[in-house]
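Data file: query_0.tsv. Format and content: TSV, C-alpha atoms and all ligand atoms.
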chain	number	residue	atom	x	y	z
B	1	MET	CA	0.00	0.00	0.00
B	2	GLU	CA	1.30	3.46	-0.85
B	3	ALA	CA	1.96	5.92	1.95
B	4	PHE	CA	-0.30	8.84	2.80
B	5	SER	CA	1.23	12.26	3.45
B	6	LYS	CA	1.33	13.70	6.98
B	7	PRO	CA	-1.47	16.14	7.92
B	8	PHE	CA	-0.36	19.71	8.71
B	9	GLU	CA	-1.69	23.21	9.32
B	10	THR	CA	-0.82	26.17	7.17
B	11	ALA	CA	-2.04	29.55	5.95
B	12	CYS	CA	-3.18	29.88	2.35
B	13	PRO	CA	-0.41	31.81	0.50
B	14	SER	CA	-3.04	33.61	-1.57
B	15	CYS	CA	-5.83	34.61	0.88
B	16	ASP	CA	-4.22	33.87	4.29
B	17	LEU	CA	-7.02	31.55	5.46
B	18	LEU	CA	-5.79	29.11	8.11
B	19	LEU	CA	-6.16	25.57	6.81
B	20	LYS	CA	-5.90	22.06	8.21
B	21	VAL	CA	-4.57	19.92	5.37
B	22	PRO	CA	-5.55	16.25	5.95
B	23	ALA	CA	-3.36	13.22	5.14
B	24	LEU	CA	-3.38	12.96	1.35
B	25	ALA	CA	-3.49	9.77	-0.69
B	26	PRO	CA	-0.82	9.44	-3.42
B	27	GLY	CA	-1.85	11.32	-6.55
B	28	SER	CA	-4.08	13.83	-4.73
B	29	ARG	CA	-3.83	17.59	-4.22
B	30	ALA	CA	-5.15	19.96	-1.56
B	31	SER	CA	-6.42	23.43	-2.43
B	32	CYS	CA	-7.82	26.33	-0.42
B	33	GLY	CA	-11.60	26.14	0.13
B	34	ARG	CA	-11.95	29.93	-0.08
B	35	CYS	CA	-9.85	31.01	-3.08
B	36	GLY	CA	-8.97	27.72	-4.81
B	37	GLN	CA	-5.17	28.22	-4.49
B	38	GLU	CA	-3.30	24.90	-4.61
B	39	ILE	CA	-1.74	24.30	-1.20
B	40	THR	CA	0.14	21.06	-1.74
B	41	PHE	CA	0.16	17.79	-3.64
B	42	HIS	CA	1.22	14.28	-2.78
B	43	PHE	CA	2.65	12.26	-5.65
B	44	HIS	CA	4.14	8.82	-5.28
B	45	ASN	CA	7.95	9.06	-5.43
B	46	ALA	CA	7.84	12.85	-6.03
B	47	GLN	CA	11.26	13.41	-4.41
B	48	HIS	CA	12.92	10.71	-6.54
B	49	ARG	CA	11.30	12.14	-9.65
B	50	ALA	CA	12.56	15.63	-8.71
B	51	ALA	CA	16.11	14.24	-8.37
B	52	ALA	CA	15.91	12.40	-11.71
B	53	PHE	CA	14.66	15.53	-13.52
B	54	ALA	CA	17.32	17.65	-11.77
B	55	LEU	CA	20.15	15.35	-12.86
B	56	THR	CA	18.86	15.29	-16.46
B	57	ALA	CA	18.50	19.09	-16.41
B	58	LEU	CA	22.08	19.49	-15.15
B	59	ILE	CA	23.46	17.31	-17.98
B	60	LEU	CA	21.37	19.24	-20.55
B	61	LEU	CA	22.62	22.57	-19.17
B	62	LEU	CA	26.20	21.33	-19.49
B	63	LEU	CA	25.52	20.42	-23.14
B	64	ALA	CA	23.81	23.79	-23.71
B	65	CYS	CA	26.94	25.59	-22.47
B	66	SER	CA	29.40	23.49	-24.47
B	67	PHE	CA	27.99	23.56	-28.01
B	68	PRO	CA	27.09	26.41	-30.42
B	69	PHE	CA	23.83	28.08	-29.40
B	70	LEU	CA	23.17	30.07	-32.57
B	71	SER	CA	25.08	30.89	-35.72
B	72	PHE	CA	24.46	33.97	-37.86
B	73	GLU	CA	25.48	34.65	-41.41
B	74	ARG	CA	24.99	37.90	-43.28
B	75	ALA	CA	26.66	39.14	-46.47
B	76	GLY	CA	29.32	36.46	-46.27
B	77	PHE	CA	30.22	37.12	-42.62
B	78	GLY	CA	29.35	34.48	-40.07
B	79	ASN	CA	29.53	34.09	-36.33
B	80	GLU	CA	28.94	31.16	-34.03
B	81	MET	CA	28.67	31.36	-30.27
B	82	THR	CA	28.08	29.18	-27.26
B	83	LEU	CA	25.88	30.42	-24.41
B	84	PRO	CA	28.76	31.47	-22.10
B	85	GLN	CA	30.45	33.19	-25.07
B	86	THR	CA	27.37	35.41	-25.61
B	87	GLY	CA	27.65	36.60	-22.00
B	88	TRP	CA	31.40	37.13	-22.41
B	89	ALA	CA	30.88	39.06	-25.69
B	90	LEU	CA	28.46	41.40	-23.88
B	91	TYR	CA	31.04	41.90	-21.12
B	92	GLU	CA	33.71	42.78	-23.69
B	93	ASP	CA	31.28	45.23	-25.32
B	94	GLY	CA	30.93	46.99	-21.97
B	95	ALA	CA	27.42	45.69	-21.20
B	96	LEU	CA	28.51	44.56	-17.74
B	97	VAL	CA	25.01	44.42	-16.21
B	98	LEU	CA	23.53	42.46	-19.12
B	99	SER	CA	26.45	40.05	-19.08
B	100	GLY	CA	26.00	39.58	-15.31
B	101	LEU	CA	22.28	38.94	-15.81
B	102	ILE	CA	22.98	36.27	-18.43
B	103	PHE	CA	25.52	34.45	-16.26
B	104	GLY	CA	23.51	34.92	-13.08
B	105	PHE	CA	19.88	34.28	-13.97
B	106	ILE	CA	20.39	31.94	-16.93
B	107	ILE	CA	23.33	29.79	-15.81
B	108	ALA	CA	24.46	30.34	-12.20
B	109	VAL	CA	21.09	30.42	-10.39
B	110	PRO	CA	19.62	27.37	-12.22
B	111	THR	CA	22.88	25.44	-11.66
B	112	SER	CA	22.88	26.36	-7.94
B	113	LEU	CA	19.21	25.33	-7.60
B	114	LEU	CA	19.87	21.96	-9.25
B	115	GLY	CA	22.99	21.41	-7.14
B	116	ILE	CA	21.08	22.21	-3.93
B	117	LEU	CA	18.16	19.98	-4.92
B	118	LEU	CA	20.48	17.04	-5.69
B	119	ALA	CA	22.50	17.57	-2.50
B	120	LEU	CA	19.29	17.58	-0.42
B	121	GLN	CA	17.96	14.45	-2.12
B	122	TYR	CA	21.31	12.70	-1.60
B	123	ALA	CA	21.41	13.64	2.09
B	124	LEU	CA	17.81	12.53	2.68
B	125	HIS	CA	18.18	9.31	0.68
B	126	ARG	CA	21.47	8.34	2.39
B	127	ARG	CA	20.23	9.64	5.78
B	128	ARG	CA	23.13	12.13	6.15
B	129	ALA	CA	22.25	14.74	8.77
B	130	TRP	CA	24.52	17.47	7.39
B	131	PRO	CA	24.57	20.62	9.58
B	132	HIS	CA	23.56	22.94	6.71
B	133	LEU	CA	20.50	21.01	5.48
B	134	THR	CA	18.04	23.66	6.69
B	135	LEU	CA	20.08	26.44	5.04
B	136	LEU	CA	20.09	24.48	1.75
B	137	ALA	CA	16.32	23.88	1.90
B	138	ARG	CA	15.74	27.58	2.63
B	139	LEU	CA	18.00	28.61	-0.27
B	140	LEU	CA	16.04	26.27	-2.55
B	141	THR	CA	12.89	28.33	-1.89
B	142	GLN	CA	14.60	31.73	-1.85
B	143	LEU	CA	16.54	31.27	-5.11
B	144	GLN	CA	13.59	30.04	-7.18
B	145	PRO	CA	12.20	33.50	-8.11
B	146	TRP	CA	15.68	34.45	-9.40
B	147	SER	CA	15.86	31.75	-12.02
B	148	MET	CA	14.79	33.15	-15.40
B	149	ALA	CA	15.60	30.19	-17.64
B	150	GLU	CA	12.07	29.96	-19.10
B	151	VAL	CA	11.87	33.75	-19.61
B	152	PHE	CA	15.20	33.59	-21.46
B	153	ILE	CA	14.13	30.85	-23.88
B	154	ILE	CA	10.93	32.80	-24.75
B	155	GLY	CA	13.07	35.95	-25.26
B	156	VAL	CA	15.41	34.04	-27.59
B	157	ILE	CA	12.47	32.73	-29.66
B	158	VAL	CA	11.04	36.28	-29.99
B	159	SER	CA	14.48	37.63	-31.03
B	160	LEU	CA	14.89	34.81	-33.57
B	161	VAL	CA	11.63	35.76	-35.29
B	162	LYS	CA	12.89	39.36	-35.61
B	163	LEU	CA	16.46	38.43	-36.65
B	164	ALA	CA	15.35	35.86	-39.23
B	165	SER	CA	14.52	38.65	-41.69
B	166	MET	CA	17.95	40.29	-41.26
B	167	ALA	CA	20.37	37.35	-41.34
B	168	ASP	CA	20.61	33.63	-41.96
B	169	ILE	CA	20.26	32.00	-38.60
B	170	VAL	CA	21.09	28.41	-37.78
B	171	ILE	CA	19.83	27.13	-34.47
B	172	GLY	CA	22.57	25.12	-32.78
B	173	ILE	CA	22.30	21.91	-30.77
B	174	ALA	CA	22.79	23.96	-27.58
B	175	PHE	CA	19.52	25.83	-28.22
B	176	TRP	CA	17.58	22.53	-28.21
B	177	ALA	CA	19.56	21.32	-25.21
B	178	TYR	CA	18.65	24.52	-23.34
B	179	ALA	CA	14.96	24.19	-24.34
B	180	ALA	CA	14.94	20.58	-23.05
B	181	PHE	CA	16.80	21.77	-19.93
B	182	VAL	CA	14.03	24.32	-19.22
B	183	LEU	CA	11.40	21.55	-19.39
B	184	CYS	CA	13.35	19.20	-17.06
B	185	PHE	CA	14.26	22.07	-14.71
B	186	THR	CA	10.59	23.12	-14.43
B	187	ALA	CA	9.55	19.49	-13.86
B	188	ALA	CA	12.22	19.07	-11.14
B	189	LEU	CA	11.00	22.16	-9.25
B	190	ALA	CA	7.34	21.19	-9.72
B	191	ASN	CA	8.00	17.81	-8.09
B	192	ILE	CA	9.38	19.29	-4.86
B	193	ASP	CA	6.87	18.77	-2.07
B	194	ARG	CA	8.02	21.42	0.41
B	195	HIS	CA	6.12	19.96	3.37
B	196	ASP	CA	7.52	16.48	2.73
B	197	LEU	CA	10.99	17.94	2.32
B	198	TRP	CA	10.91	19.89	5.58
B	199	ASP	CA	9.35	16.93	7.44
B	200	ALA	CA	12.14	14.67	6.18
B	201	ILE	CA	14.85	17.20	7.20
B	202	GLU	CA	13.31	17.64	10.65
B	203	GLU	CA	13.11	13.87	11.14
B	204	LEU	CA	16.71	13.37	9.99
B	205	GLN	CA	18.04	16.06	12.31
B	206	GLY	CA	16.02	14.65	15.20
I	1	ZN	ZN	-6.96	30.85	-0.13

As a first step, turn the structure in this file into structure tokens.
Ligand SMILES: [Zn+2]
Amino acid sequence: MEAFSKPFETACPSCDLLLKVPALAPGSRASCGRCGQEITFHFHNAQHRAAAFALTALILLLLACSFPFLSFERAGFGNEMTLPQTGWALYEDGALVLSGLIFGFIIAVPTSLLGILLALQYALHRRRAWPHLTLLARLLTQLQPWSMAEVFIIGVIVSLVKLASMADIVIGIAFWAYAAFVLCFTAALANIDRHDLWDAIEELQG
């Protein structure tokens, strides 16, 4: 028989109503009775799925940073760049802030989030009560709004539509790797059950 989640009390993040969330059967969700906001879900093996998606996302991000992202050709002149090279080119052009944003929001924050998620899953799976587990779990929540990977891929697609009329553009393998990374990254974050995670950390740390 599959395990039920633990019941807990919380405030609705949308309307602040105090709620008693009952033990949930696998595959079920709980939402606020007043505003309909989803409060939590309980999927079978959600934490393992989150780790599997996170590992896949990390490999895809590595591929996305290693191969050409886009190549342009116009009037006989061509240029080919990887994702980190685009950030570096901006830095060399003096666009320090933009270059920082690319490295930070597109590469560094998603990589940190995936690293933290995998470290937490490893510690919980192997029952390692590391002293900084609570800090890692808190960072996982606090860093999430600063990851703009999905915004970036939409921005690139919009730019491509505009640039297509001005130059010959070839989409590189890294573009597809980054698009697949965004899907796996989103799936990894969506499979984190925060209540389960904090319960497991609390239990491990006694
Ligand atoms: Zn509500």

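Of the listed residues (B:Ala164, B:Ala30, B:Met148, B:Ala23), B:Ala30 comes nearest to ligand ZN 1 (chain I); the distances count all atoms listed in the file.
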
Inset, instruction - Please provide as number ranges by chain all residues within 12 Å of Asn45 (chain B), with the sequence filter that same-chain residues fewer than 4 positions apart are discarded (counting all atoms listed in the file). - result: B: 2-5, 26-27, 41, 49-52, 121, 125, 191-193, 196

List every residue of chain B that has an atom at most 7 Å from any atom of ligand ZN 1 (chain I), and for each one report the closest atom pair and its distance in Å to one decimal, counting only C-alpha atoms and all ligand atoms, with rows sorted by chain and then by increasing residue number, as JSON lines.
{"residue": "B:Cys12", "atom": "CA", "partner": "I:ZN1", "partner_atom": "ZN", "distance": 4.6}
{"residue": "B:Pro13", "atom": "CA", "partner": "I:ZN1", "partner_atom": "ZN", "distance": 6.6}
{"residue": "B:Ser14", "atom": "CA", "partner": "I:ZN1", "partner_atom": "ZN", "distance": 5.0}
{"residue": "B:Cys15", "atom": "CA", "partner": "I:ZN1", "partner_atom": "ZN", "distance": 4.1}
{"residue": "B:Asp16", "atom": "CA", "partner": "I:ZN1", "partner_atom": "ZN", "distance": 6.0}
{"residue": "B:Leu17", "atom": "CA", "partner": "I:ZN1", "partner_atom": "ZN", "distance": 5.6}
{"residue": "B:Cys32", "atom": "CA", "partner": "I:ZN1", "partner_atom": "ZN", "distance": 4.6}
{"residue": "B:Gly33", "atom": "CA", "partner": "I:ZN1", "partner_atom": "ZN", "distance": 6.6}
{"residue": "B:Arg34", "atom": "CA", "partner": "I:ZN1", "partner_atom": "ZN", "distance": 5.1}
{"residue": "B:Cys35", "atom": "CA", "partner": "I:ZN1", "partner_atom": "ZN", "distance": 4.1}
{"residue": "B:Gly36", "atom": "CA", "partner": "I:ZN1", "partner_atom": "ZN", "distance": 6.0}
{"residue": "B:Gln37", "atom": "CA", "partner": "I:ZN1", "partner_atom": "ZN", "distance": 5.4}

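Among the candidate residues B:Ala129, B:Cys65, B:Leu113, B:Leu160, the one lying nearest to Gln142 (chain B) is B:Leu113, with distances computed using only C-alpha atoms.
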
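Compared by their closest atoms to Pro131 (chain B), and using only C-alpha atoms, the residues B:Leu204, B:Leu63, B:Leu189, B:Leu143 rank with B:Leu204 nearest.
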
Legend entry - Of the listed residues B:Val158, B:Ala149, B:Leu133, B:Ala46, that which approaches Ile102 (chain B) most closely, counting only C-alpha atoms: B:Ala149

Inset, instruction - Check the smallest atom-to-atom distance from each of B:Phe103, B:Trp130, B:Trp176, B:Phe53 to Gly87 (chain B) using only C-alpha atoms, then report the winner. - result: B:Phe103

Residue contacts of region 150-156 of chain B (8 Å, all atoms listed in the file) excluding same-chain residues fewer than 3 positions away, as a PDB file with C-alpha atoms, in the coordinates of the input:
ATOM      1  CA  ILE B 106      20.390  31.940 -16.930  1.00  0.00           C
ATOM      2  CA  SER B 159      14.480  37.630 -31.030  1.00  0.00           C
ATOM      3  CA  LEU B 160      14.890  34.810 -33.570  1.00  0.00           C
ATOM      4  CA  TYR B 178      18.650  24.520 -23.340  1.00  0.00           C
ATOM      5  CA  ALA B 179      14.960  24.190 -24.340  1.00  0.00           C
ATOM      6  CA  VAL B 182      14.030  24.320 -19.220  1.00  0.00           C
TER       7      VAL B 182
END

Inset, instruction - Can you pull out every residue within 12 Å of Ile116 (chain B), counting only C-alpha atoms, but drop anything in the same chain fewer than 2 positions away, and send it as a count of residues only? - result: 32

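Considering all atoms listed in the file, the residue among B:Ala180, B:Met166, B:Ile173, B:Ile39 positioned nearest to Pro22 (chain B) is B:Ile39.
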
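Separating CA of Phe175 (chain B) from CA of His48 (chain B) is a distance of 27.2 Å.
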
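Note that CA of Ala108 (chain B) and CA of Trp146 (chain B) are 10.1 Å apart.
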
Inset, instruction - Using CA of Leu163 (chain B) and CA of Ile59 (chain B) as the two end points, give the distance in Å to one decimal. - result: 29.0 Å

Produce the centre coordinates and the three edge lengths, each in Å to one decimal, of the box along x, y and z that contains all listed atoms of region 161-166 of chain B with 4 Å added on each side, as lines of an AutoDock Vina configuration file.
center_x = 14.8
center_y = 38.0
center_z = -38.5
size_x = 14.3
size_y = 12.5
size_z = 14.4

Neighbourhood query: residues within 12 Å of (26.3, 37.3, -41.7), file coordinates, counting only C-alpha atoms; return as a compact mmCIF listing (two decimals) with C-alpha atoms, in the coordinates of the input.
# COMPACT_ATOMS: atom_id res chain seq x y z
CA SER B 71 25.08 30.89 -35.72
CA PHE B 72 24.46 33.97 -37.86
CA GLU B 73 25.48 34.65 -41.41
CA ARG B 74 24.99 37.90 -43.28
CA ALA B 75 26.66 39.14 -46.47
CA GLY B 76 29.32 36.46 -46.27
CA PHE B 77 30.22 37.12 -42.62
CA GLY B 78 29.35 34.48 -40.07
CA ASN B 79 29.53 34.09 -36.33
CA GLU B 80 28.94 31.16 -34.03
CA LEU B 163 16.46 38.43 -36.65
CA ALA B 164 15.35 35.86 -39.23
CA SER B 165 14.52 38.65 -41.69
CA MET B 166 17.95 40.29 -41.26
CA ALA B 167 20.37 37.35 -41.34
CA ASP B 168 20.61 33.63 -41.96
CA ILE B 169 20.26 32.00 -38.60
CA VAL B 170 21.09 28.41 -37.78

Using the block above, I'd like region 20-77 of chain B written out, keeping C-alpha atoms and formatting it as an mmCIF file, in the first residue's frame.
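Wrote part.cif, looks like this:
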data_model
loop_
_atom_site.group_PDB
_atom_site.id
_atom_site.type_symbol
_atom_site.label_atom_id
_atom_site.label_comp_id
_atom_site.auth_asym_id
_atom_site.auth_seq_id
_atom_site.Cartn_x
_atom_site.Cartn_y
_atom_site.Cartn_z
ATOM 1 C CA LYS B 20 -5.899 22.057 8.208
ATOM 2 C CA VAL B 21 -4.575 19.919 5.372
ATOM 3 C CA PRO B 22 -5.547 16.250 5.948
ATOM 4 C CA ALA B 23 -3.364 13.219 5.138
ATOM 5 C CA LEU B 24 -3.384 12.961 1.348
ATOM 6 C CA ALA B 25 -3.494 9.772 -0.690
ATOM 7 C CA PRO B 26 -0.816 9.439 -3.421
ATOM 8 C CA GLY B 27 -1.849 11.318 -6.546
ATOM 9 C CA SER B 28 -4.078 13.833 -4.726
ATOM 10 C CA ARG B 29 -3.830 17.589 -4.225
ATOM 11 C CA ALA B 30 -5.153 19.962 -1.562
ATOM 12 C CA SER B 31 -6.418 23.428 -2.432
ATOM 13 C CA CYS B 32 -7.819 26.330 -0.419
ATOM 14 C CA GLY B 33 -11.602 26.143 0.127
ATOM 15 C CA ARG B 34 -11.954 29.933 -0.084
ATOM 16 C CA CYS B 35 -9.854 31.006 -3.083
ATOM 17 C CA GLY B 36 -8.972 27.723 -4.808
ATOM 18 C CA GLN B 37 -5.168 28.222 -4.494
ATOM 19 C CA GLU B 38 -3.304 24.899 -4.611
ATOM 20 C CA ILE B 39 -1.745 24.301 -1.198
ATOM 21 C CA THR B 40 0.143 21.060 -1.737
ATOM 22 C CA PHE B 41 0.164 17.792 -3.637
ATOM 23 C CA HIS B 42 1.223 14.276 -2.782
ATOM 24 C CA PHE B 43 2.649 12.259 -5.654
ATOM 25 C CA HIS B 44 4.135 8.816 -5.282
ATOM 26 C CA ASN B 45 7.952 9.065 -5.430
ATOM 27 C CA ALA B 46 7.836 12.846 -6.030
ATOM 28 C CA GLN B 47 11.265 13.413 -4.414
ATOM 29 C CA HIS B 48 12.916 10.709 -6.540
ATOM 30 C CA ARG B 49 11.299 12.140 -9.653
ATOM 31 C CA ALA B 50 12.555 15.631 -8.711
ATOM 32 C CA ALA B 51 16.113 14.243 -8.368
ATOM 33 C CA ALA B 52 15.911 12.396 -11.714
ATOM 34 C CA PHE B 53 14.657 15.525 -13.523
ATOM 35 C CA ALA B 54 17.316 17.647 -11.765
ATOM 36 C CA LEU B 55 20.147 15.346 -12.858
ATOM 37 C CA THR B 56 18.863 15.285 -16.462
ATOM 38 C CA ALA B 57 18.504 19.094 -16.406
ATOM 39 C CA LEU B 58 22.083 19.495 -15.146
ATOM 40 C CA ILE B 59 23.461 17.312 -17.977
ATOM 41 C CA LEU B 60 21.372 19.238 -20.555
ATOM 42 C CA LEU B 61 22.624 22.572 -19.170
ATOM 43 C CA LEU B 62 26.205 21.329 -19.491
ATOM 44 C CA LEU B 63 25.517 20.417 -23.140
ATOM 45 C CA ALA B 64 23.808 23.792 -23.711
ATOM 46 C CA CYS B 65 26.936 25.594 -22.468
ATOM 47 C CA SER B 66 29.405 23.487 -24.472
ATOM 48 C CA PHE B 67 27.990 23.558 -28.009
ATOM 49 C CA PRO B 68 27.093 26.412 -30.415
ATOM 50 C CA PHE B 69 23.830 28.084 -29.398
ATOM 51 C CA LEU B 70 23.166 30.068 -32.571
ATOM 52 C CA SER B 71 25.078 30.886 -35.721
ATOM 53 C CA PHE B 72 24.459 33.968 -37.855
ATOM 54 C CA GLU B 73 25.478 34.647 -41.409
ATOM 55 C CA ARG B 74 24.995 37.898 -43.275
ATOM 56 C CA ALA B 75 26.657 39.136 -46.468
ATOM 57 C CA GLY B 76 29.315 36.457 -46.267
ATOM 58 C CA PHE B 77 30.217 37.117 -42.622
#
